[in-house]
Every structure is written in C-alpha cells, then in structure tokens.
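J.: Please find structure-v3.txt (compact mmCIF, C-alpha atoms and all ligand atoms) on the next line:
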```txt
# COMPACT_ATOMS: atom_id res chain seq x y z
CA MET G 278 30.55 -31.50 -94.13
CA ALA G 279 28.03 -33.32 -96.30
CA ALA G 280 28.99 -36.57 -98.05
CA ILE G 281 29.91 -35.85 -101.64
CA ASN G 282 27.41 -36.61 -104.39
CA ILE G 283 29.21 -37.25 -107.66
CA GLN G 284 25.90 -37.01 -109.49
CA LYS G 285 25.65 -33.31 -108.58
CA VAL G 286 27.28 -30.44 -110.46
CA GLY G 287 27.32 -26.76 -109.60
CA ILE G 288 27.88 -24.02 -112.16
CA ILE G 289 28.92 -20.59 -110.88
CA GLY G 290 28.16 -17.85 -113.40
CA THR G 291 25.19 -18.28 -115.69
CA GLY G 292 26.21 -16.01 -118.53
CA PHE G 293 26.91 -17.17 -122.06
CA VAL G 294 29.57 -19.67 -121.05
CA GLY G 295 27.92 -21.10 -117.92
CA THR G 296 24.63 -21.69 -119.70
CA SER G 297 26.31 -23.23 -122.74
CA ILE G 298 28.03 -25.67 -120.39
CA ALA G 299 24.73 -26.35 -118.60
CA PHE G 300 23.03 -27.02 -121.93
CA THR G 301 25.84 -29.37 -122.99
CA LEU G 302 25.67 -31.32 -119.72
CA LEU G 303 21.91 -31.68 -120.04
CA GLN G 304 22.22 -32.89 -123.64
CA LYS G 305 24.93 -35.35 -122.65
CA GLY G 306 22.79 -36.79 -119.85
CA LEU G 307 25.60 -36.31 -117.33
CA PHE G 308 24.70 -35.71 -113.66
CA SER G 309 21.30 -36.02 -112.05
CA GLU G 310 21.36 -32.65 -110.25
CA MET G 311 22.57 -29.29 -111.50
CA VAL G 312 22.68 -26.11 -109.37
CA LEU G 313 23.10 -22.75 -111.09
CA ILE G 314 24.55 -19.86 -109.07
CA ASP G 315 24.92 -16.25 -110.17
CA VAL G 316 25.05 -12.87 -108.40
CA ASN G 317 22.15 -12.07 -110.65
CA ARG G 318 19.71 -14.53 -109.07
CA ASP G 319 16.98 -13.79 -111.59
CA LYS G 320 19.31 -14.75 -114.42
CA ALA G 321 20.13 -18.08 -112.74
CA GLU G 322 16.44 -18.73 -112.08
CA GLY G 323 15.43 -17.90 -115.62
CA GLU G 324 18.13 -20.15 -117.05
CA ALA G 325 17.17 -23.01 -114.69
CA MET G 326 13.54 -22.74 -115.80
CA ASP G 327 14.42 -22.58 -119.48
CA LEU G 328 16.78 -25.57 -119.28
CA SER G 329 14.27 -27.58 -117.21
CA HIS G 330 11.74 -27.35 -119.99
CA GLY G 331 14.11 -29.47 -122.11
CA ILE G 332 14.21 -32.31 -119.57
CA PRO G 333 11.39 -34.28 -121.26
CA PHE G 334 13.73 -34.54 -124.26
CA ALA G 335 16.83 -35.48 -122.23
CA LYS G 336 17.74 -37.71 -119.29
CA PRO G 337 16.12 -36.85 -115.94
CA MET G 338 17.95 -34.07 -114.10
CA ALA G 339 16.93 -31.76 -111.24
CA ILE G 340 17.95 -28.25 -112.27
CA CYS G 341 17.64 -25.31 -109.89
CA ALA G 342 19.03 -21.87 -109.16
CA GLY G 343 20.66 -21.91 -105.76
CA ASP G 344 23.35 -20.61 -103.46
CA TYR G 345 26.57 -21.97 -102.01
CA ASP G 346 24.82 -24.15 -99.41
CA ASP G 347 23.25 -26.06 -102.29
CA ILE G 348 26.65 -27.16 -103.63
CA ALA G 349 28.11 -28.27 -100.27
CA ASP G 350 27.90 -31.86 -101.57
CA ALA G 351 28.51 -31.29 -105.30
CA GLY G 352 31.16 -33.58 -106.81
CA LEU G 353 32.05 -31.05 -109.48
CA VAL G 354 31.91 -27.24 -109.36
CA ILE G 355 32.47 -25.38 -112.62
CA VAL G 356 33.36 -21.68 -112.32
CA THR G 357 32.57 -19.40 -115.25
CA ALA G 358 31.73 -16.22 -113.32
CA GLY G 359 33.50 -13.04 -114.19
CA ALA G 360 34.00 -10.40 -116.78
CA ALA G 361 34.53 -11.56 -120.36
CA GLN G 362 36.81 -10.01 -122.98
CA LYS G 363 35.48 -6.99 -124.81
CA PRO G 364 36.52 -6.40 -128.43
CA GLY G 365 40.27 -5.67 -128.45
CA GLU G 366 40.85 -6.78 -124.83
CA THR G 367 43.26 -9.65 -124.13
CA ARG G 368 42.46 -12.38 -121.65
CA LEU G 369 45.20 -11.07 -119.39
CA ASP G 370 43.47 -7.66 -119.26
CA LEU G 371 40.80 -9.35 -117.14
CA VAL G 372 43.13 -10.36 -114.29
CA ASN G 373 42.29 -7.79 -111.63
CA LYS G 374 38.54 -7.81 -112.15
CA ASN G 375 38.29 -11.57 -112.08
CA VAL G 376 40.72 -12.17 -109.22
CA GLY G 377 38.43 -9.89 -107.16
CA ILE G 378 35.39 -11.93 -108.20
CA PHE G 379 37.18 -15.20 -107.35
CA LYS G 380 37.92 -13.87 -103.85
CA SER G 381 34.17 -13.64 -103.35
CA ILE G 382 33.44 -17.09 -104.80
CA ILE G 383 36.14 -19.65 -104.06
CA PRO G 384 36.19 -19.28 -100.22
CA GLU G 385 32.39 -19.66 -100.22
CA ILE G 386 32.73 -23.00 -101.99
CA ALA G 387 35.73 -24.18 -99.97
CA LYS G 388 34.26 -23.51 -96.55
CA ARG G 389 31.27 -25.74 -97.35
CA ASN G 390 32.80 -28.37 -99.61
CA ARG G 391 36.32 -29.82 -99.24
CA ASP G 392 35.94 -32.74 -101.63
CA ALA G 393 34.72 -31.38 -104.95
CA ILE G 394 36.69 -31.01 -108.12
CA LEU G 395 36.96 -27.36 -109.15
CA LEU G 396 36.91 -26.83 -112.90
CA ILE G 397 37.84 -23.26 -113.76
CA VAL G 398 36.75 -21.69 -117.03
CA SER G 399 36.78 -17.91 -116.37
CA ASN G 400 39.63 -16.01 -118.01
CA PRO G 401 42.53 -15.64 -117.82
CA VAL G 402 41.98 -19.30 -117.07
CA ASP G 403 45.55 -20.29 -116.13
CA ILE G 404 45.92 -17.43 -113.66
CA LEU G 405 42.46 -18.01 -112.20
CA THR G 406 43.07 -21.73 -111.81
CA TYR G 407 46.16 -20.87 -109.76
CA VAL G 408 44.08 -18.34 -107.77
CA ALA G 409 41.33 -20.93 -107.18
CA TRP G 410 43.92 -23.47 -106.02
CA ARG G 411 45.45 -20.99 -103.58
CA LEU G 412 42.13 -19.68 -102.25
CA SER G 413 40.52 -23.10 -101.90
CA GLY G 414 43.39 -24.95 -100.24
CA TYR G 415 42.33 -27.99 -102.30
CA PRO G 416 44.99 -30.45 -103.47
CA GLN G 417 46.26 -29.46 -106.90
CA GLU G 418 44.87 -32.66 -108.50
CA ARG G 419 41.36 -31.35 -107.87
CA VAL G 420 41.76 -27.83 -109.27
CA ILE G 421 41.73 -27.95 -113.05
CA GLY G 422 41.53 -25.24 -115.70
CA SER G 423 39.77 -25.84 -119.01
CA GLY G 424 43.09 -24.65 -120.45
CA THR G 425 43.72 -25.28 -124.11
CA VAL G 426 41.15 -28.03 -124.63
CA LEU G 427 39.16 -25.52 -126.71
CA ASP G 428 42.24 -24.21 -128.54
CA SER G 429 43.35 -27.76 -129.35
CA ALA G 430 39.84 -28.49 -130.67
CA ARG G 431 40.10 -25.41 -132.89
CA LEU G 432 43.46 -26.66 -134.17
CA ARG G 433 42.13 -30.16 -134.83
CA TYR G 434 39.04 -28.76 -136.56
CA LEU G 435 41.11 -26.53 -138.86
CA LEU G 436 43.54 -29.34 -139.69
CA GLY G 437 40.62 -31.68 -140.33
CA GLN G 438 39.07 -29.15 -142.71
CA ARG G 439 42.32 -28.56 -144.55
CA LEU G 440 43.21 -32.24 -144.82
CA ALA G 441 39.66 -33.50 -145.43
CA VAL G 442 39.86 -35.89 -142.49
CA ASN G 443 37.71 -36.32 -139.39
CA PRO G 444 39.16 -34.01 -136.68
CA GLN G 445 38.74 -36.89 -134.24
CA SER G 446 41.54 -38.63 -136.15
CA VAL G 447 43.78 -35.57 -135.77
CA HIS G 448 46.00 -35.63 -132.68
CA ALA G 449 47.53 -32.23 -132.13
CA TYR G 450 47.95 -30.04 -129.08
CA ILE G 451 48.00 -26.40 -128.26
CA ILE G 452 49.78 -26.05 -124.92
CA GLY G 453 50.95 -23.30 -122.57
CA GLU G 454 48.79 -20.28 -121.81
CA HIS G 455 45.18 -20.27 -122.99
CA GLY G 456 45.92 -16.94 -124.63
CA ASP G 457 48.34 -15.04 -126.79
CA SER G 458 51.52 -16.95 -125.85
CA GLU G 459 50.08 -20.42 -126.47
CA LEU G 460 51.90 -22.70 -128.90
CA ALA G 461 51.10 -25.58 -131.23
CA VAL G 462 53.23 -28.68 -130.72
CA TRP G 463 53.74 -29.47 -134.40
CA SER G 464 56.60 -31.88 -133.66
CA GLU G 465 54.14 -34.35 -132.07
CA ALA G 466 51.12 -33.75 -134.33
CA ASN G 467 49.80 -36.73 -136.26
CA VAL G 468 46.77 -38.11 -138.02
CA SER G 469 46.00 -41.47 -136.42
CA GLY G 470 49.70 -42.16 -135.93
CA ILE G 471 50.85 -40.85 -139.33
CA ALA G 472 53.20 -37.87 -138.86
CA LEU G 473 51.41 -34.66 -139.79
CA ASP G 474 53.92 -33.62 -142.47
CA GLN G 475 53.60 -37.01 -144.15
CA PHE G 476 49.80 -36.85 -144.06
CA CYS G 477 49.91 -33.32 -145.53
CA GLU G 478 52.02 -34.65 -148.39
CA PHE G 479 49.44 -37.38 -149.03
CA ARG G 480 46.99 -34.54 -149.52
CA GLY G 481 49.33 -32.55 -151.76
CA TYR G 482 50.52 -29.91 -149.25
CA ARG G 483 54.26 -29.35 -149.01
CA ALA G 484 54.88 -25.85 -147.59
CA HIS G 485 54.66 -27.17 -144.03
CA ALA G 486 56.09 -24.27 -142.03
CA GLU G 487 54.04 -21.67 -143.91
CA ASN G 488 50.79 -23.65 -143.62
CA GLU G 489 51.39 -24.38 -139.95
CA GLN G 490 51.91 -20.70 -139.22
CA LYS G 491 48.64 -19.76 -140.98
CA ILE G 492 46.66 -22.38 -139.08
CA TYR G 493 48.25 -21.39 -135.77
CA GLU G 494 47.29 -17.76 -136.39
CA HIS G 495 43.69 -18.78 -137.02
CA VAL G 496 43.66 -20.63 -133.71
CA VAL G 497 45.27 -17.93 -131.62
CA ASN G 498 43.05 -15.22 -133.13
CA ALA G 499 39.85 -17.28 -133.07
CA ALA G 500 38.42 -15.74 -129.90
CA TYR G 501 39.23 -12.19 -131.08
CA ASP G 502 37.57 -12.85 -134.44
CA ILE G 503 34.44 -14.36 -132.90
CA ILE G 504 34.15 -11.61 -130.26
CA GLN G 505 34.52 -9.00 -133.01
CA LYS G 506 31.70 -10.60 -134.99
CA LYS G 507 29.22 -11.78 -132.32
CA GLY G 508 30.40 -10.31 -129.03
CA ALA G 509 31.30 -13.50 -127.14
CA THR G 510 32.41 -17.11 -127.58
CA TYR G 511 30.44 -19.83 -125.85
CA PHE G 512 29.32 -22.86 -127.87
CA GLY G 513 32.83 -24.21 -128.49
CA VAL G 514 33.90 -23.74 -124.88
CA GLY G 515 30.58 -25.19 -123.71
CA MET G 516 31.33 -28.41 -125.58
CA ALA G 517 34.99 -28.46 -124.52
CA VAL G 518 34.05 -28.15 -120.84
CA GLY G 519 31.27 -30.71 -121.32
CA ARG G 520 33.92 -33.11 -122.59
CA ILE G 521 36.19 -32.48 -119.57
CA ALA G 522 33.23 -32.95 -117.21
CA GLU G 523 32.42 -36.22 -118.97
CA ALA G 524 35.99 -37.52 -118.53
CA LEU G 525 35.81 -36.66 -114.81
CA PHE G 526 32.32 -38.03 -114.29
CA ARG G 527 32.92 -41.31 -116.10
CA ASP G 528 36.45 -41.78 -114.68
CA GLU G 529 37.69 -42.09 -118.24
CA HIS G 530 41.44 -41.63 -117.72
CA ALA G 531 41.24 -39.52 -120.87
CA VAL G 532 44.20 -37.46 -122.05
CA MET G 533 43.41 -33.78 -122.52
CA PRO G 534 45.38 -30.52 -122.45
CA VAL G 535 43.99 -28.98 -119.27
CA SER G 536 45.56 -26.30 -117.10
CA VAL G 537 47.56 -27.98 -114.31
CA ASN G 538 50.22 -27.06 -111.78
CA MET G 539 53.53 -27.32 -113.67
CA ARG G 540 55.77 -27.18 -110.59
CA GLY G 541 58.60 -29.67 -111.03
CA ILE G 542 57.92 -30.22 -114.75
CA TYR G 543 60.61 -29.06 -117.24
CA GLY G 544 62.48 -27.73 -114.18
CA ILE G 545 59.75 -25.17 -113.33
CA LYS G 546 60.32 -24.16 -109.71
CA GLY G 547 57.22 -22.16 -108.77
CA ASP G 548 53.51 -22.99 -108.72
CA LEU G 549 52.27 -22.09 -112.15
CA PHE G 550 49.23 -23.41 -113.98
CA LEU G 551 49.50 -23.94 -117.72
CA SER G 552 48.10 -26.43 -120.20
CA MET G 553 49.84 -29.71 -120.81
CA PRO G 554 48.27 -33.04 -121.74
CA ALA G 555 47.20 -34.86 -118.59
CA ILE G 556 45.27 -38.00 -117.69
CA VAL G 557 41.87 -36.96 -116.34
CA GLY G 558 39.66 -39.25 -114.26
CA ALA G 559 37.28 -39.25 -111.30
CA SER G 560 39.94 -38.08 -108.87
CA GLY G 561 40.92 -35.15 -111.10
CA ILE G 562 44.41 -34.94 -112.59
CA GLU G 563 46.00 -38.39 -112.43
CA LYS G 564 49.21 -37.62 -114.24
CA VAL G 565 50.70 -34.80 -116.25
CA LEU G 566 52.31 -35.95 -119.50
CA PRO G 567 55.03 -33.47 -120.46
CA LEU G 568 55.57 -33.54 -124.22
CA ASP G 569 58.98 -33.95 -125.78
CA LEU G 570 59.23 -30.42 -127.21
CA SER G 571 61.59 -29.34 -129.98
CA ALA G 572 64.09 -26.60 -129.10
CA GLY G 573 61.89 -23.94 -130.74
CA GLU G 574 58.75 -25.19 -128.99
CA SER G 575 60.52 -25.28 -125.66
CA GLU G 576 61.65 -21.69 -126.11
CA ARG G 577 58.09 -20.61 -126.91
CA PHE G 578 56.72 -22.58 -123.98
CA PHE G 579 59.08 -20.80 -121.62
CA ARG G 580 57.90 -17.46 -123.01
CA SER G 581 54.43 -18.52 -121.83
CA VAL G 582 55.90 -19.47 -118.44
CA THR G 583 57.65 -16.11 -118.05
CA ALA G 584 54.57 -14.14 -119.15
CA LEU G 585 52.34 -15.87 -116.59
CA GLN G 586 54.88 -15.97 -113.77
CA GLY G 587 55.18 -12.18 -113.89
CA ILE G 588 51.41 -11.83 -113.49
CA ILE G 589 51.18 -14.38 -110.68
CA ASP G 590 53.97 -12.64 -108.78
CA ALA G 591 51.99 -9.38 -108.92
CA ILE G 592 48.70 -10.85 -107.61
CA ASP G 593 47.82 -10.03 -104.03
CA LEU G 594 46.07 -13.05 -102.48
P1 LIG Z 1 28.94 -13.26 -119.13
O1 LIG Z 1 27.91 -13.66 -120.13
O2 LIG Z 1 29.14 -11.82 -118.80
O3 LIG Z 1 28.63 -14.08 -117.79
C1 LIG Z 1 29.33 -13.93 -116.61
C2 LIG Z 1 28.36 -14.21 -115.48
O4 LIG Z 1 29.08 -14.19 -114.25
C3 LIG Z 1 27.24 -13.18 -115.37
O5 LIG Z 1 25.98 -13.83 -115.40
C4 LIG Z 1 27.51 -12.51 -114.02
O6 LIG Z 1 26.32 -12.10 -113.36
C5 LIG Z 1 28.21 -13.63 -113.28
N1 LIG Z 1 28.98 -13.17 -112.14
C6 LIG Z 1 29.78 -12.08 -112.03
N2 LIG Z 1 30.29 -11.99 -110.79
C7 LIG Z 1 29.82 -13.05 -110.09
C8 LIG Z 1 29.97 -13.50 -108.76
N3 LIG Z 1 30.74 -12.84 -107.88
N4 LIG Z 1 29.31 -14.61 -108.37
C9 LIG Z 1 28.52 -15.29 -109.24
N5 LIG Z 1 28.33 -14.90 -110.52
C10 LIG Z 1 28.97 -13.80 -110.94
O7 LIG Z 1 30.38 -13.81 -119.58
P2 LIG Z 1 30.66 -15.14 -120.40
O8 LIG Z 1 29.79 -16.21 -119.89
O9 LIG Z 1 30.71 -14.82 -121.85
O10 LIG Z 1 32.18 -15.44 -119.95
C11 LIG Z 1 32.45 -15.90 -118.64
C12 LIG Z 1 33.95 -16.12 -118.48
O11 LIG Z 1 34.38 -17.22 -119.30
C13 LIG Z 1 34.80 -14.92 -118.90
O12 LIG Z 1 35.86 -14.73 -118.00
C14 LIG Z 1 35.31 -15.35 -120.27
O13 LIG Z 1 36.50 -14.67 -120.64
C15 LIG Z 1 35.54 -16.82 -120.02
N6 LIG Z 1 35.70 -17.66 -121.20
C16 LIG Z 1 36.54 -18.70 -121.07
C17 LIG Z 1 36.79 -19.52 -122.15
C18 LIG Z 1 37.76 -20.66 -122.00
O14 LIG Z 1 38.09 -21.37 -122.98
N7 LIG Z 1 38.28 -20.91 -120.81
C19 LIG Z 1 36.14 -19.31 -123.40
C20 LIG Z 1 35.26 -18.28 -123.50
C21 LIG Z 1 34.99 -17.36 -122.41
```
Before anything else, please render the file you have as structure tokens.
Ligand code: 6V0

T.:
Amino acid sequence: MAAINIQKVGIIGTGFVGTSIAFTLLQKGLFSEMVLIDVNRDKAEGEAMDLSHGIPFAKPMAICAGDYDDIADAGLVIVTAGAAQKPGETRLDLVNKNVGIFKSIIPEIAKRNRDAILLIVSNPVDILTYVAWRLSGYPQERVIGSGTVLDSARLRYLLGQRLAVNPQSVHAYIIGEHGDSELAVWSEANVSGIALDQFCEFRGYRAHAENEQKIYEHVVNAAYDIIQKKGATYFGVGMAVGRIAEALFRDEHAVMPVSVNMRGIYGIKGDLFLSMPAIVGASGIEKVLPLDLSAGESERFFRSVTALQGIIDAIDL
C-alpha cells in the first residue's frame, strides 16, 4: 500500500454534485492534487480540463481524470456517484440503484487504499454511508456522510433572512436523516448565544411554533422545490462538502452535523448512520456530540431511526 498523501483528494462521480465540489475545492485552494473518476471517462476528462483552465486564477493544483489506482494514496475520497432524485422521487427511492453502484465502487477503493477518509455524498446519504462503512471495512471514524450539513445551512440561511442577521451567527441544527424524517432542534437553536425565541422577539416575531413549522417545511422541501425548478441541486451541497473537506484537511476540530454511526448513542443498539453534531478533524470523526433533545424532538428523532433501520435491515450486502 502506498503512503497516504493528505494533499490528494479523489472525487468519484463527476456529475453536477461531484463537479460542484471539485470547483469549490479549487476555489478554496485546498489540496494540491485532485483525481476525478467516473464511469463516463470522457465526462471526467472534460471536467478535469475545464477545471484546470481555472488554475491560473487559483492556487496550484494538479487535476486529472483517473482510475482507482490513482487514488491509492489519496487522503480523502469523496463519493458522489449514483443516480440522483427525479422530480417527485424521495431520496430513499434511490436505495437499490445506488447500493448496486456502491458495490462496484467502494471495494475498488478499499483494496488499494486502507487509510483514506471516505466522505459520502450520494443519496440516500445515511444509508450509503452505512453501506460504504460495511463494504470498506474502514473504522467508523473514517467513513463520514455529508448528512445534514446542507440542511442545517438551509435552516441557518432562512433564519438569517427572517431575522435580518448573518446566518453565520445563527446556530441551529437539522439532525437525523438527510431526508423526509429529518428534524430541526429548535430547543437548542440560538443566535450567538441568545435563545432563538428571545432573538425572534427582539425582531418582533412572537408566533414561535407557527413560524418554526413554516421554516422547517421550507428546509425539508428545499431539494424537491429546486429539483422541480432546475432539475438538480448542486451548488449548496458543493459548498457544504467543501466546508467538511476543509475541516478535515485543516484538522479544525470543527463541529458539524455529519452522518455518523449512532451505535451506543441514545441507547441505539444497531449500526445506523444518521446526522448528529460531531467534532471533525484530520482523523475523521473525533467525537459525536448528542444533543439534549426535548421529548417531542426525541420522538421525531426515533421516527428517523426506525425509518432508516427498516431499510438497512432489508439491504443485502
Ligand atoms: P449526476 O449529475 O447524474 O452525476 C452522477 C455521476 O455518477 C454521473 O457522472 C455518472 O456517470 C456517475 N456514476 C454512476 N455510476 C458510477 C460508477 N459506478 N462509478 C463512477 N461513477 C459513476 O447526479 P448528481 O451529481 O446530481 O447527484 C449525485 C448524487 O448526489 C445523487 O445520489 C444525489 O441524490 C446526491 N446528492 C446529495 C446531496 C447531499 O446533500 N448529500 C445533495 C444533492 C444531491
């Protein structure tokens, strides 16, 4: 096995999402080598050429289309390959197609590279992160799903808009499934330490439960609305994954709601990947930080657990 090169990233799947991530990484000046892999080799080559032409305006980076041998030493491998939702389809509708695709991808990575961090983005991301963990045999700290980092960004953006405050000052999480059963943890939401309800009152909003429900619905329906209008979502997720990659690359110990193995947390007995805030650094997941959920939030979270457990139990690996 080759010695690992933390300056090297591989991206599997160069569709809308993979290329948006590649573009974000290039803009951020993270990594010095980027390998793009796709079953459609021409697509990967075309994207590598197009991105390379931006290098004079960014930090130096070697970008190429390649195959699995080229990522034998990559420190980070980001997987975005697979079918995307069509209008009206849920993320969970994609399970069978994408589990099949993962069976052709993950073993190819794992037999060449035992030391990378796997960052899974393809949907349904929680199920596929579990599948990637099982198929790779990697320790669970190094198999991470992008989870609800995007959904939480959508929530923070919408709250920031509503409250006329920078979304970076808004601390609020969507947790659970990256999908229809996800939930907002309103009980812990705050604006720079000021409880959300109190901040809302400063801005003249008092109907908290009603407003929260409306904002939650915007978040949970965001992907459906975007797919209905433009066919796919990719810029938001590109930036969300760029941010996770940055936290890994720079060993930031940053807290973000990524998809992690929840075994042993809240009494969960099986291996089940769902989003929960976790400390993310160069070694992957350093610590999961289970939130103190209200009774209602806990009930909703366990609906997410039950929904995903049923699907995992039915997967043939
Ligand atoms: P896309 O534009 O169809 O790209 C998918 C790419 O995967 C194509 O270029 C395919 O050729 C390639 N591909 C398919 N099979 C393989 C294989 N076996 N090996 C290598 N490459 C392969 O889809 P898009 O980029 O829009 O979406 C990709 C995935 O990301 C989908 O599963 C989406 O549902 C998912 N998303 C995840 C999000 C998240 O927050 N986690 C957000 C948006 C989309």

J.: Leaving out Asp327 in chain G and any residue of its chain fewer than 3 positions from it, which residues lie within 12 Å of it when counting all atoms listed in the file, given as a PyMOL selection string?

T.: chain G and resi 296+299-300+303+320-324+330-332+340-342

J.: Would you kindly return, as JSON, numbers by chain, each protein, DNA or RNA residue with an atom no farther than 8 Å from any atom of Val496 in chain G, considering all atoms listed in the file and excluding same-chain residues fewer than 4 positions away?

T.: {"G": [428, 431, 432, 492]}

J.: Mind giving me the straight-line distance from CA of Ile588 in chain G to CA of Glu454 in chain G in Å, one decimal?

T.: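 Computing it gives 12.1 Å between the two atoms.
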
J.: Using all atoms listed in the file, can you tell me which of G:Asp370, G:Glu310, G:Glu478, G:Glu418 comes closest to Ala393 in chain G?

T.: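 Of all the options, G:Glu418 lies closest to Ala393 in chain G.
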
J.: Kindly work out which residues sit at most 7 Å from ligand LIG 1 (chain Z), using all atoms listed in the file, and give the list as a ChimeraX atom specification.

T.: /G:289-295,314-317,320,357-362,368,378-379,381-382,398-402,423-425,427,509-511,514

J.: Which one is closest to Leu395 in chain G: G:Asn373, G:Ser536, G:Ser575, G:Ser329? Count only C-alpha atoms.

T.: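 Distance minimum relative to Leu395 in chain G lands on G:Ser536.
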
J.: For a quick check of understanding, using only C-alpha atoms, which of G:Asp528, G:Ile451, G:Gly352, G:Gly287 has the smallest distance to Trp463 in chain G?

T.: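 Nearest candidate to Trp463 in chain G out of G:Asp528, G:Ile451, G:Gly352, G:Gly287: G:Ile451.
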
J.: Which one is closest to Gly547 in chain G: G:Gln445, G:Asn498, G:Thr583, G:Ser413? Count only C-alpha atoms.

T.: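 Under the stated criterion, the closest residue is G:Thr583.
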
J.: Between G:Ala522, G:Val537, G:Leu369, G:Ala409, which has the minimum distance to Gln284 in chain G (counting all atoms listed in the file)?

T.: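 Of the candidates, the smallest distance to Gln284 in chain G is held by G:Ala522.
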